[in-house]
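*Asks:* Right, I'll just put the structure down here and ask away after.
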Amino acid sequence: MSRLIEEFGKLPGIGPKSAERLAFHILKSQPAEAIALADAIRDLKNKIRRCEVCCNYSEQAVCQICSDPKRDKSQICVVEQPKDVIALEKTGACKWVYHVLGGHIAPLEGIEPSDLTIEKLVERVRKGGVTEVIMATNPNIAGDGTSLYISSLLRDTGVKITRPARGLPSGSTIEYASGKILTDAIIGRQKLE
Ligand SMILES: [Zn+2]
């Protein structure tokens, strides 16, 4: 019991009291329910991997979005985290494919370009068939810096590079932007010089 309380307490937003409440809830629940929870956690870690193409989470080698024939593969939307894909997909305004960087460049935090999937993105674009790269990194200093760095690497490919702009407050994140603002920002994206 104390082991379970300790583990729950490590989860974000769960204090000691909540951890205790959750542990007691599990103790009282049906065995099947408790085991289903344990299985879901185990499967998450065992079955989920990174898509070979876009680096988003996936249960298959190539994720559902990348293998969807209805998606426009000529447009790659670059985001920092898998959570950003979820936020953008919720708008229903995206027909493109993605590239998940795995974060942003932050030398002070020890995050260098080589820690992200930037090289893979450049390879993807160089392979051809891509006409536009949409830089949907977060509209804050780290996100802007990352986007500019990537743009400089892609400049000689001749691909059009755009950035969702209108309405997205500077200093904010894609994850927490409202659906309406995000949709406007996607539709009103501007060419990045
Ligand atoms: Zn993918």
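In the structure tokens, chains take the letters A, B, ... in the order shown, each chain's residues start at 1, and ligands count up from 1 in the order shown.
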Please provide as a list in words all residues within 9 Å of A:Ala177, with the sequence filter that same-chain residues fewer than 6 positions apart are discarded (counting only C-alpha atoms).

*Replies:*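 Contacts, in chain order: Ala87, Leu168 and Pro169 of chain A.
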
*Asks:* Around ligand 1, out to 9 Å and counting only C-alpha atoms and all ligand atoms, which residues are there? I want them as a list in words.

*Replies:* Arg50, Cys51, Glu52, Val53, Cys54, Cys55, Asn56, Tyr57, Ser58, Ala61, Val62, Cys63, Gln64, Ile65, Cys66, Ser67, Val97, Tyr98, His99 and Val100 of chain A

*Asks:* Can I get the selection written as a PDB file, in the first residue's frame, with N, CA and C atoms?

*Replies:*
```pdb
ATOM      1  N   ARG A  50       8.178   5.550 -31.285  1.00  0.00           N
ATOM      2  CA  ARG A  50       8.193   6.748 -32.118  1.00  0.00           C
ATOM      3  C   ARG A  50       7.980   6.368 -33.578  1.00  0.00           C
ATOM      4  N   CYS A  51       7.109   7.099 -34.259  1.00  0.00           N
ATOM      5  CA  CYS A  51       6.880   6.873 -35.688  1.00  0.00           C
ATOM      6  C   CYS A  51       8.203   7.074 -36.433  1.00  0.00           C
ATOM      7  N   GLU A  52       8.501   6.164 -37.354  1.00  0.00           N
ATOM      8  CA  GLU A  52       9.762   6.228 -38.102  1.00  0.00           C
ATOM      9  C   GLU A  52       9.857   7.464 -38.994  1.00  0.00           C
ATOM     10  N   VAL A  53       8.688   8.003 -39.356  1.00  0.00           N
ATOM     11  CA  VAL A  53       8.684   9.145 -40.279  1.00  0.00           C
ATOM     12  C   VAL A  53       8.655  10.469 -39.507  1.00  0.00           C
ATOM     13  N   CYS A  54       7.660  10.641 -38.627  1.00  0.00           N
ATOM     14  CA  CYS A  54       7.441  11.961 -38.019  1.00  0.00           C
ATOM     15  C   CYS A  54       7.890  12.050 -36.555  1.00  0.00           C
ATOM     16  N   CYS A  55       8.272  10.912 -35.964  1.00  0.00           N
ATOM     17  CA  CYS A  55       8.748  10.868 -34.573  1.00  0.00           C
ATOM     18  C   CYS A  55       7.655  11.116 -33.531  1.00  0.00           C
ATOM     19  N   ASN A  56       6.379  11.117 -33.967  1.00  0.00           N
ATOM     20  CA  ASN A  56       5.288  11.214 -32.993  1.00  0.00           C
ATOM     21  C   ASN A  56       5.106   9.847 -32.327  1.00  0.00           C
ATOM     22  N   TYR A  57       4.387   9.789 -31.226  1.00  0.00           N
ATOM     23  CA  TYR A  57       4.084   8.504 -30.602  1.00  0.00           C
ATOM     24  C   TYR A  57       3.247   7.671 -31.546  1.00  0.00           C
ATOM     25  N   SER A  58       3.490   6.358 -31.543  1.00  0.00           N
ATOM     26  CA  SER A  58       2.751   5.479 -32.451  1.00  0.00           C
ATOM     27  C   SER A  58       2.773   4.053 -31.917  1.00  0.00           C
ATOM     28  N   ALA A  61       5.052   1.021 -36.623  1.00  0.00           N
ATOM     29  CA  ALA A  61       6.316   1.624 -37.070  1.00  0.00           C
ATOM     30  C   ALA A  61       6.066   2.992 -37.698  1.00  0.00           C
ATOM     31  N   VAL A  62       4.974   3.081 -38.472  1.00  0.00           N
ATOM     32  CA  VAL A  62       4.575   4.362 -39.060  1.00  0.00           C
ATOM     33  C   VAL A  62       3.206   4.722 -38.494  1.00  0.00           C
ATOM     34  N   CYS A  63       3.066   5.949 -37.997  1.00  0.00           N
ATOM     35  CA  CYS A  63       1.848   6.330 -37.270  1.00  0.00           C
ATOM     36  C   CYS A  63       0.638   6.457 -38.197  1.00  0.00           C
ATOM     37  N   GLN A  64      -0.538   6.607 -37.583  1.00  0.00           N
ATOM     38  CA  GLN A  64      -1.787   6.686 -38.340  1.00  0.00           C
ATOM     39  C   GLN A  64      -1.825   7.880 -39.279  1.00  0.00           C
ATOM     40  N   ILE A  65      -1.307   9.019 -38.815  1.00  0.00           N
ATOM     41  CA  ILE A  65      -1.342  10.234 -39.641  1.00  0.00           C
ATOM     42  C   ILE A  65      -0.431  10.060 -40.855  1.00  0.00           C
ATOM     43  N   CYS A  66       0.790   9.580 -40.628  1.00  0.00           N
ATOM     44  CA  CYS A  66       1.747   9.399 -41.733  1.00  0.00           C
ATOM     45  C   CYS A  66       1.261   8.357 -42.737  1.00  0.00           C
ATOM     46  N   SER A  67       0.504   7.356 -42.274  1.00  0.00           N
ATOM     47  CA  SER A  67       0.068   6.314 -43.208  1.00  0.00           C
ATOM     48  C   SER A  67      -1.319   6.594 -43.791  1.00  0.00           C
ATOM     49  N   VAL A  97       0.936  16.555 -42.757  1.00  0.00           N
ATOM     50  CA  VAL A  97       1.603  15.606 -41.867  1.00  0.00           C
ATOM     51  C   VAL A  97       2.491  16.413 -40.910  1.00  0.00           C
ATOM     52  N   TYR A  98       3.041  15.735 -39.913  1.00  0.00           N
ATOM     53  CA  TYR A  98       3.781  16.441 -38.861  1.00  0.00           C
ATOM     54  C   TYR A  98       5.236  16.020 -38.787  1.00  0.00           C
ATOM     55  N   HIS A  99       5.983  16.812 -38.029  1.00  0.00           N
ATOM     56  CA  HIS A  99       7.303  16.375 -37.593  1.00  0.00           C
ATOM     57  C   HIS A  99       7.471  16.815 -36.141  1.00  0.00           C
ATOM     58  N   VAL A 100       7.685  15.852 -35.250  1.00  0.00           N
ATOM     59  CA  VAL A 100       7.784  16.154 -33.821  1.00  0.00           C
ATOM     60  C   VAL A 100       9.268  16.252 -33.431  1.00  0.00           C
TER      61      VAL A 100
END
```

*Asks:* Tell me which protein, DNA and RNA residues are within 9 Å of A:Pro16, counting only C-alpha atoms, leaving out same-chain ones fewer than 5 positions away, and put them as a count of residues only.

*Replies:* 5

*Asks:* Please identify all polymer residues within 7 Å of stretch 70-80 of chain A, counting only C-alpha atoms, omitting same-chain residues fewer than 6 positions from it, and present them as number ranges by chain.

*Replies:* A: 95-104, 129-137

*Asks:* Please measure the separation of atom CA of A:Gln60 and atom CA of A:Lys120, giving the value in Å to one decimal.

*Replies:*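 Here the two named atoms are 18.4 Å from each other.
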
*Asks:* Name the closest residue to A:Gly128 among the candidates A:Ile141, A:Leu27, A:Val159, A:Ile111; distances are taken between atoms, counting only C-alpha atoms.

*Replies:*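 Closest candidate: A:Val159.
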
*Asks:* Output as a VMD selection string all residues of stretch 57-169 of chain A that backbone DSSP marks as alpha helix (DSSP H).

*Replies:* chain A and resid 82 to 90 118 to 126 141 to 154

*Asks:* Can you tell me which residues surround A:Gly171 at a distance of at most 9 Å, considering only C-alpha atoms, apart from same-chain residues fewer than 6 positions away, and format the answer as a list in words?

*Replies:*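 Once the nearby chain positions are removed, what remains is Asn138, Pro139, Asn140 and Ile141 of chain A.
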
*Asks:* Got time to write the residues from that selection, C-alpha atoms, as a short mmCIF file (atom, residue, chain, number, x, y, z; two decimals), in the first residue's frame?

*Replies:*
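Just written: part-v1.cif:
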```cif
data_model
loop_
_atom_site.label_atom_id
_atom_site.label_comp_id
_atom_site.auth_asym_id
_atom_site.auth_seq_id
_atom_site.Cartn_x
_atom_site.Cartn_y
_atom_site.Cartn_z
CA ASN A 138 5.69 27.56 -29.54
CA PRO A 139 5.44 31.34 -30.03
CA ASN A 140 8.00 32.10 -27.31
CA ILE A 141 11.73 32.81 -27.32
#
```

*Asks:* Hey, which of A:Ser178, A:Ile187, A:Leu148, A:Lys83 ends up closest to A:Pro164? Count only C-alpha atoms.

*Replies:*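 Result for the nearest residue to A:Pro164: A:Ile187.
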
*Asks:* Counting only C-alpha atoms, which of A:Leu153, A:Lys191, A:Asp144, A:Pro31 gets nearest to A:Ser172?

*Replies:*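 Of A:Leu153, A:Lys191, A:Asp144, A:Pro31, the one nearest A:Ser172 is A:Asp144, counting only C-alpha atoms.
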
*Asks:* Considering only C-alpha atoms, return as a list of chain:residue names whatever protein or nucleic-acid residues lie within 8 Å of A:Ile118, sequence-local ones (same chain, fewer than 3 positions apart) excluded.

*Replies:*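 Residues near the query, excluding close chain neighbours: A:Leu101, A:Pro113, A:Ser114, A:Leu121, A:Val122, A:Ile150.
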
*Asks:* Calculate how many Å separate atom CA of A:Pro82 from atom CA of A:Ala40, rounding to one decimal.

*Replies:*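 Computing it gives 19.0 Å between the two atoms.
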
*Asks:* Taking the chain letters and numbering used in this document, name the residues of chain A that DSSP puts in strand (DSSP E), as a count of residues only.

*Replies:* 27

*Asks:* Would you please work out which residue, of A:Gly13, A:Val125, A:Lys180, A:Ile174, is nearest to A:Lys160 when using only C-alpha atoms?

*Replies:*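 Of A:Gly13, A:Val125, A:Lys180, A:Ile174, the one nearest A:Lys160, counting only C-alpha atoms, is A:Val125.
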
*Asks:* In Å to one decimal, how far is atom CA of A:Ser151 from atom CA of A:Leu108?

*Replies:* 21.2 Å
